[in-house]
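Down below is the structure, laid out as structure tokens.
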Amino acid sequence: MKITLEPERCVGAGHCVLSAPEVFDQDESDGVVVLLDTEPGAALADAVHEAADLCPARAILVGGEDGTP
Amino acid sequence: MTEVLYPMARQCPFAPPEEVTRLRDEPEVPRVPIWNGVRPWLFTRYEDARLVLSDPRFSADKSRPGYPLSSAVAAAETAVEPTLLIMDNPEHDALRRLVLGEFTVRRAESWRPAVRSVVAGCLDRMLDGPRRADLVTDLALPVALSVICEFLGVPLADRELFRSLTHTMNAVAGTTGTAAAARQELQDYLESLVAAREKDPGDDFIGRMVVRHVGTGAMSRRTLSAMALLLLTAGHDTTANMVSLGILTLLRYPGRFAALRGHEDPRQLADTVEELLRHLTIVQRGIRRIATEDVEVGDRLVKAGQGVIAAINVANRDPSRFPSGEDFDPDVRAHGHLAFGYGPHQCLGQSLAKVELQETYHAVAHRLPELRLAVPVEEIRFKSDMAVYGVHELPVTW
Ligand code: HEM
Ligand code: SF4
């Protein structure tokens, strides 16, 4: 599972941090999403997909094992 | 034949209008007449509502001709300083970016102790008095107002003025003149607060924004004071209504209310808050937009210049997304609900609002375990005609 961010779209709602705190954080000063782990393990797959689905700005893209989106 | 206007009347105070719910299950998405003769499309299904709220071809700019304004008051408000709520991109995101850091999940958590003590103060005063209170004036309004005052940095000495102006602005919403005057006074007050912070920035929202953005020219004094006013208008009445309507709902489910008493499970408290947000969806007239280009939504073609309404209260009960549908069931996770909207305008203050709701519901369940209504539920006046749903008063005893 490979994650790509489009941080310029982020509107700071924070669903990603609530869904998968191991993977996403919000920058302390500007509030924009930051990626803590670009290739999290399979155990976090559900949480990461939930974050991508909930993100109101569609700023989180999840690719497959082989790197395809 | 006279047509029924959207939003239709509720049959049950705890459910959206049946007529709108029924439309969700019809194959064809309808166009419905509203108060000013405009006929926007009415999207009631979850996926359609999400698309309408997140697709950049839909504009939130109320001044565009044909925009499906929710009321005459909303029409009057477009004349004032544009706020985030009615801005489109790229201007919207650029302005929102300047303040985003103040609203992260972590920042909201850092407010928890302050919120807790504000709630405790209100409950102390209630418990000192006779065993009877109005949870709207004794708890919901003062909690929401104190938190936003502390957030913005409104000095204690000015709180009473601020409270009475806010009260006037909200109480008479629907009658334009007095509300607009109070709103203008608040705007002037906030502008003077910004000016004062330019001389002596404190460690609060206005102070920090003055240092970071007004000083550098990224934001004008006027833009910052308009932003402060937006935080008040978007955050105060909404949170207060969720507090009182949420407690009324919990009282109808005594087992759920009792379960919030313990400290053991913050997850359960958080899930209950999400479910209350979904189930109640107090932004009851839908979120409105206007198409700037032709857009396909589901199997419908919305033409450029046509208005749309995302009926989030009904979409939030769409069984294709939420298994609990019409029921209130905190055991089924309600994540993904649209009570705070969706897309670029999704509520900026949502993390703070959730902290306020969690702290208030928990403290009430913990300190007033015997809480019950002091009047029959039939006597409670619901805010059926207002943009934000709730109760006018909530007389309780314990
Ligand atoms: C339970 C309480 C609340 C509810 C139900 C609520 C609901 C909403 C909704 C539905 C929107 C989206 C409007 C749209 O798309 O046109 C919104 C936007 C907004 N809310 Fe909230 N809100 C709440 C609390 C707060 C609080 C506490 C604050 C501030 C501290 C706040 C500040 C804002 C702002 C600034 C916006 C505009 C964001 C933008 O346009 O980018 N809200 N809110
Ligand atoms: S959920 Fe999306 S918009 Fe919200 S903070 Fe995360 S990346 Fe940003």
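How things are named: the first chain in the structure tokens is A, the next is B, and so on; residues count from 1 in each chain; ligands count from 1 in the order shown.
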Tell me, counting only C-alpha atoms, for each residue of chain B within 9 Å of chain A, which pair of atoms is nearest and how far apart they are in Å to one decimal, in rows ordered by chain and increasing number, as a Markdown table.
```
| residue | atom | partner | partner_atom | distance |
| --- | --- | --- | --- | --- |
| B:Arg50 | CA | A:Pro56 | CA | 8.7 |
| B:Leu53 | CA | A:Pro56 | CA | 8.9 |
| B:Ser54 | CA | A:Pro56 | CA | 7.0 |
| B:Asp93 | CA | A:Val11 | CA | 7.2 |
| B:Arg96 | CA | A:Val11 | CA | 7.4 |
| B:Arg97 | CA | A:Asp30 | CA | 7.0 |
| B:Leu98 | CA | A:Asp30 | CA | 7.3 |
| B:Val99 | CA | A:Asp30 | CA | 7.5 |
| B:Leu100 | CA | A:Gly31 | CA | 5.1 |
| B:Gly101 | CA | A:Gly31 | CA | 3.8 |
| B:Glu102 | CA | A:Gly31 | CA | 7.2 |
| B:Phe103 | CA | A:Gly31 | CA | 7.2 |
| B:Thr104 | CA | A:Gly31 | CA | 5.8 |
| B:Val105 | CA | A:Gly14 | CA | 6.0 |
| B:Arg106 | CA | A:Gln26 | CA | 8.1 |
| B:Arg107 | CA | A:Glu28 | CA | 8.6 |
| B:His335 | CA | A:Leu54 | CA | 7.9 |
| B:Gly336 | CA | A:Leu54 | CA | 5.6 |
| B:His337 | CA | A:Leu54 | CA | 8.9 |
| B:Gly341 | CA | A:Pro56 | CA | 8.6 |
| B:Tyr342 | CA | A:Pro56 | CA | 5.2 |
| B:Gly343 | CA | A:Pro56 | CA | 4.3 |
| B:Pro344 | CA | A:Ala57 | CA | 5.9 |
| B:His345 | CA | A:Val11 | CA | 8.0 |
| B:Gln346 | CA | A:Pro56 | CA | 6.9 |
| B:Cys347 | CA | A:Ala13 | CA | 7.4 |
| B:Leu348 | CA | A:Ala13 | CA | 6.6 |
| B:Gly349 | CA | A:Ala13 | CA | 8.5 |
| B:Gln350 | CA | A:Ala13 | CA | 7.4 |
| B:Ser351 | CA | A:Ala13 | CA | 7.7 |
```
Exercise. What lies within 7 Å of region 64-68 of chain B using only C-alpha atoms, ignoring chain neighbours under 3 positions off, as a list in words?
Worked result: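 What passes the distance filter is Val38, Pro40, Asp61, Arg288, Arg289, Ile290, Gly305, Gln306 and Gly307 of chain B.
Restricting the calculation to only C-alpha atoms, the smallest distance between Glu356 (chain B) and any of B:Met8, B:Leu85, B:Leu141, B:Val20 is found for B:Leu141.
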Exercise. Excluding same-chain residues fewer than 4 positions from region 220-237 of chain B, what lies within 8 Å of it counting only C-alpha atoms, as a PyMOL selection string?
Worked result: chain B and resi 81+83-84+141+144-145+148+152+170+186-187+190-191+194-195+206+209+214+241+349+353+388
Could you pull the residues within 8 Å of Arg333 (chain B), counting only C-alpha atoms, minus those fewer than 6 positions along the same chain, as a PDB file with N, CA and C atoms, in the first residue's frame?
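Resulting contents of result.pdb:
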```pdb
ATOM      1  N   ASP B 271     -17.845   8.215  19.816  1.00  0.00           N
ATOM      2  CA  ASP B 271     -18.802   7.603  18.881  1.00  0.00           C
ATOM      3  C   ASP B 271     -20.220   8.115  19.119  1.00  0.00           C
ATOM      4  N   GLU B 274     -20.495  11.496  17.509  1.00  0.00           N
ATOM      5  CA  GLU B 274     -20.625  11.388  16.044  1.00  0.00           C
ATOM      6  C   GLU B 274     -22.039  10.972  15.652  1.00  0.00           C
ATOM      7  N   GLU B 275     -22.579  10.006  16.413  1.00  0.00           N
ATOM      8  CA  GLU B 275     -23.914   9.511  16.078  1.00  0.00           C
ATOM      9  C   GLU B 275     -24.969  10.590  16.330  1.00  0.00           C
TER      10      GLU B 275
END
```
For this session: Would you please give, as a PyMOL selection string, all residues of chain A that DSSP assigns to strand (DSSP E) based on the backbone?
Result: chain A and resi 2-5+24-26+33-35+60-63
Save the residues we just selected, all heavy atoms, as a short mmCIF file (atom, residue, chain, number, x, y, z; two decimals), in the first residue's frame?
```cif
data_model
loop_
_atom_site.label_atom_id
_atom_site.label_comp_id
_atom_site.auth_asym_id
_atom_site.auth_seq_id
_atom_site.Cartn_x
_atom_site.Cartn_y
_atom_site.Cartn_z
N LYS A 2 0.67 2.06 -1.02
CA LYS A 2 1.51 3.27 -1.13
C LYS A 2 0.61 4.51 -1.09
O LYS A 2 -0.40 4.57 -1.78
CB LYS A 2 2.29 3.22 -2.45
CG LYS A 2 3.27 4.35 -2.61
CD LYS A 2 4.32 3.99 -3.63
CE LYS A 2 5.13 5.19 -4.09
NZ LYS A 2 5.32 6.25 -3.11
N ILE A 3 1.02 5.46 -0.28
CA ILE A 3 0.18 6.64 -0.12
C ILE A 3 0.81 7.86 -0.76
O ILE A 3 2.01 8.10 -0.61
CB ILE A 3 -0.04 6.94 1.37
CG1 ILE A 3 -0.71 5.74 2.03
CG2 ILE A 3 -0.88 8.19 1.57
CD1 ILE A 3 -0.78 5.85 3.51
N THR A 4 0.00 8.60 -1.51
CA THR A 4 0.46 9.87 -2.06
C THR A 4 -0.46 10.96 -1.53
O THR A 4 -1.67 10.77 -1.46
CB THR A 4 0.36 9.87 -3.60
OG1 THR A 4 0.72 8.58 -4.07
CG2 THR A 4 1.26 10.92 -4.20
N LEU A 5 0.14 12.07 -1.15
CA LEU A 5 -0.66 13.19 -0.66
C LEU A 5 -0.68 14.30 -1.68
O LEU A 5 0.29 14.49 -2.42
CB LEU A 5 -0.06 13.75 0.63
CG LEU A 5 -0.16 12.94 1.90
CD1 LEU A 5 0.38 13.78 3.05
CD2 LEU A 5 -1.59 12.51 2.17
N PHE A 24 -0.83 9.61 9.54
CA PHE A 24 -1.03 11.03 9.19
C PHE A 24 -0.90 11.92 10.42
O PHE A 24 -1.24 11.54 11.53
CB PHE A 24 -2.42 11.25 8.60
CG PHE A 24 -2.71 10.40 7.41
CD1 PHE A 24 -3.49 9.26 7.52
CD2 PHE A 24 -2.19 10.73 6.16
CE1 PHE A 24 -3.77 8.46 6.41
CE2 PHE A 24 -2.46 9.94 5.05
CZ PHE A 24 -3.24 8.81 5.17
N ASP A 25 -0.40 13.11 10.17
CA ASP A 25 -0.36 14.13 11.22
C ASP A 25 -0.69 15.47 10.56
O ASP A 25 -0.75 15.57 9.34
CB ASP A 25 1.03 14.17 11.86
CG ASP A 25 1.01 14.86 13.22
OD1 ASP A 25 -0.08 15.28 13.67
OD2 ASP A 25 2.09 14.99 13.82
N GLN A 26 -0.92 16.47 11.41
CA GLN A 26 -1.14 17.81 10.88
C GLN A 26 0.01 18.70 11.32
O GLN A 26 0.38 18.68 12.50
CB GLN A 26 -2.47 18.38 11.41
CG GLN A 26 -3.69 17.70 10.83
CD GLN A 26 -4.97 18.13 11.53
OE1 GLN A 26 -5.14 17.85 12.72
NE2 GLN A 26 -5.86 18.79 10.84
N VAL A 33 -1.83 18.54 6.29
CA VAL A 33 -1.52 17.12 6.49
C VAL A 33 -0.05 16.82 6.20
O VAL A 33 0.54 17.36 5.26
CB VAL A 33 -2.44 16.25 5.59
CG1 VAL A 33 -2.22 16.55 4.11
CG2 VAL A 33 -2.25 14.76 5.86
N VAL A 34 0.54 15.95 7.03
CA VAL A 34 1.88 15.43 6.75
C VAL A 34 1.84 13.91 6.87
O VAL A 34 1.08 13.36 7.67
CB VAL A 34 2.98 16.00 7.69
CG1 VAL A 34 3.38 17.39 7.30
CG2 VAL A 34 2.54 15.97 9.14
N LEU A 35 2.67 13.27 6.07
CA LEU A 35 2.68 11.82 6.04
C LEU A 35 3.80 11.32 6.96
O LEU A 35 4.95 11.70 6.82
CB LEU A 35 2.93 11.39 4.58
CG LEU A 35 2.55 9.99 4.17
CD1 LEU A 35 1.11 9.67 4.55
CD2 LEU A 35 2.74 9.84 2.67
N ILE A 60 -5.85 12.59 -0.18
CA ILE A 60 -5.13 11.35 0.13
C ILE A 60 -5.41 10.32 -0.96
O ILE A 60 -6.55 9.95 -1.20
CB ILE A 60 -5.58 10.79 1.48
CG1 ILE A 60 -5.35 11.82 2.59
CG2 ILE A 60 -4.86 9.48 1.80
CD1 ILE A 60 -6.00 11.45 3.91
N LEU A 61 -4.34 9.86 -1.63
CA LEU A 61 -4.51 8.85 -2.67
C LEU A 61 -3.82 7.58 -2.20
O LEU A 61 -2.66 7.61 -1.76
CB LEU A 61 -3.88 9.33 -3.98
CG LEU A 61 -4.37 10.71 -4.45
CD1 LEU A 61 -3.55 11.18 -5.65
CD2 LEU A 61 -5.85 10.66 -4.79
N VAL A 62 -4.53 6.47 -2.30
CA VAL A 62 -3.96 5.20 -1.88
C VAL A 62 -3.75 4.31 -3.09
O VAL A 62 -4.70 4.03 -3.82
CB VAL A 62 -4.88 4.48 -0.87
CG1 VAL A 62 -4.18 3.26 -0.30
CG2 VAL A 62 -5.29 5.43 0.24
N GLY A 63 -2.53 3.89 -3.30
CA GLY A 63 -2.22 2.99 -4.40
C GLY A 63 -2.14 1.55 -3.90
O GLY A 63 -2.07 1.29 -2.70
#
```
Problem set entry | B:Pro201, B:Pro17, B:Gly286, B:Pro90 ranked by distance to Phe340 (chain B), top pick (using only C-alpha atoms) | B:Gly286
Problem set entry | Test item: residues at most 8 Å from Arg372 (chain B), only C-alpha atoms, excluding those fewer than 4 positions along its chain, as a ChimeraX atom specification | /B:251,396-398
For this session: To one decimal in Å, tell me the separation between CA of Pro113 (chain B) and CA of Ala363 (chain B).
Result: 12.5 Å
Problem set entry | Nearest to Arg367 (chain B) by atom-to-atom distance, counting only C-alpha atoms, from B:Val314, B:Leu123, B:Val243, B:Val308 |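 Under the stated criterion, the closest residue is B:Leu123.
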Exercise. CA of Arg22 (chain B) and CA of Ala310 (chain B), how far apart in Å?
Worked result: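 Interatomic distance, CA of Ala310 (chain B) to CA of Arg22 (chain B): 15.0 Å.
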Exercise. Could you work out how far atom 42 (N, counted along the ligand's line) of ligand 1 lies from CA of Leu352 (chain B), giving the answer in Å with one decimal?
Worked result: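 Separating CA of Leu352 (chain B) from atom 42 (N, counted along the ligand's line) of ligand 1 is a distance of 8.2 Å.
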For this session: Enumerate, as JSON, numbers by chain, the complete set of residues in region 22-267 of chain B that a backbone-based DSSP assignment places in alpha helix (DSSP H).
Result: {"B": [22, 23, 24, 46, 47, 48, 49, 50, 51, 52, 53, 54, 72, 73, 74, 75, 76, 77, 91, 92, 93, 94, 95, 96, 97, 98, 99, 105, 106, 107, 108, 109, 110, 112, 113, 114, 115, 116, 117, 118, 119, 120, 121, 122, 123, 124, 125, 126, 127, 128, 135, 141, 142, 143, 144, 145, 146, 147, 148, 149, 150, 151, 152, 159, 160, 161, 162, 163, 164, 165, 166, 167, 168, 169, 170, 171, 176, 177, 178, 179, 180, 181, 182, 183, 184, 185, 186, 187, 188, 189, 190, 191, 192, 193, 194, 195, 196, 197, 198, 199, 205, 206, 207, 208, 209, 221, 222, 223, 224, 225, 226, 227, 228, 229, 230, 231, 232, 233, 234, 235, 236, 237, 238, 239, 240, 241, 242, 243, 244, 245, 246, 247, 248, 249, 250, 251, 252, 254, 255, 256, 257, 258, 259, 266, 267]}
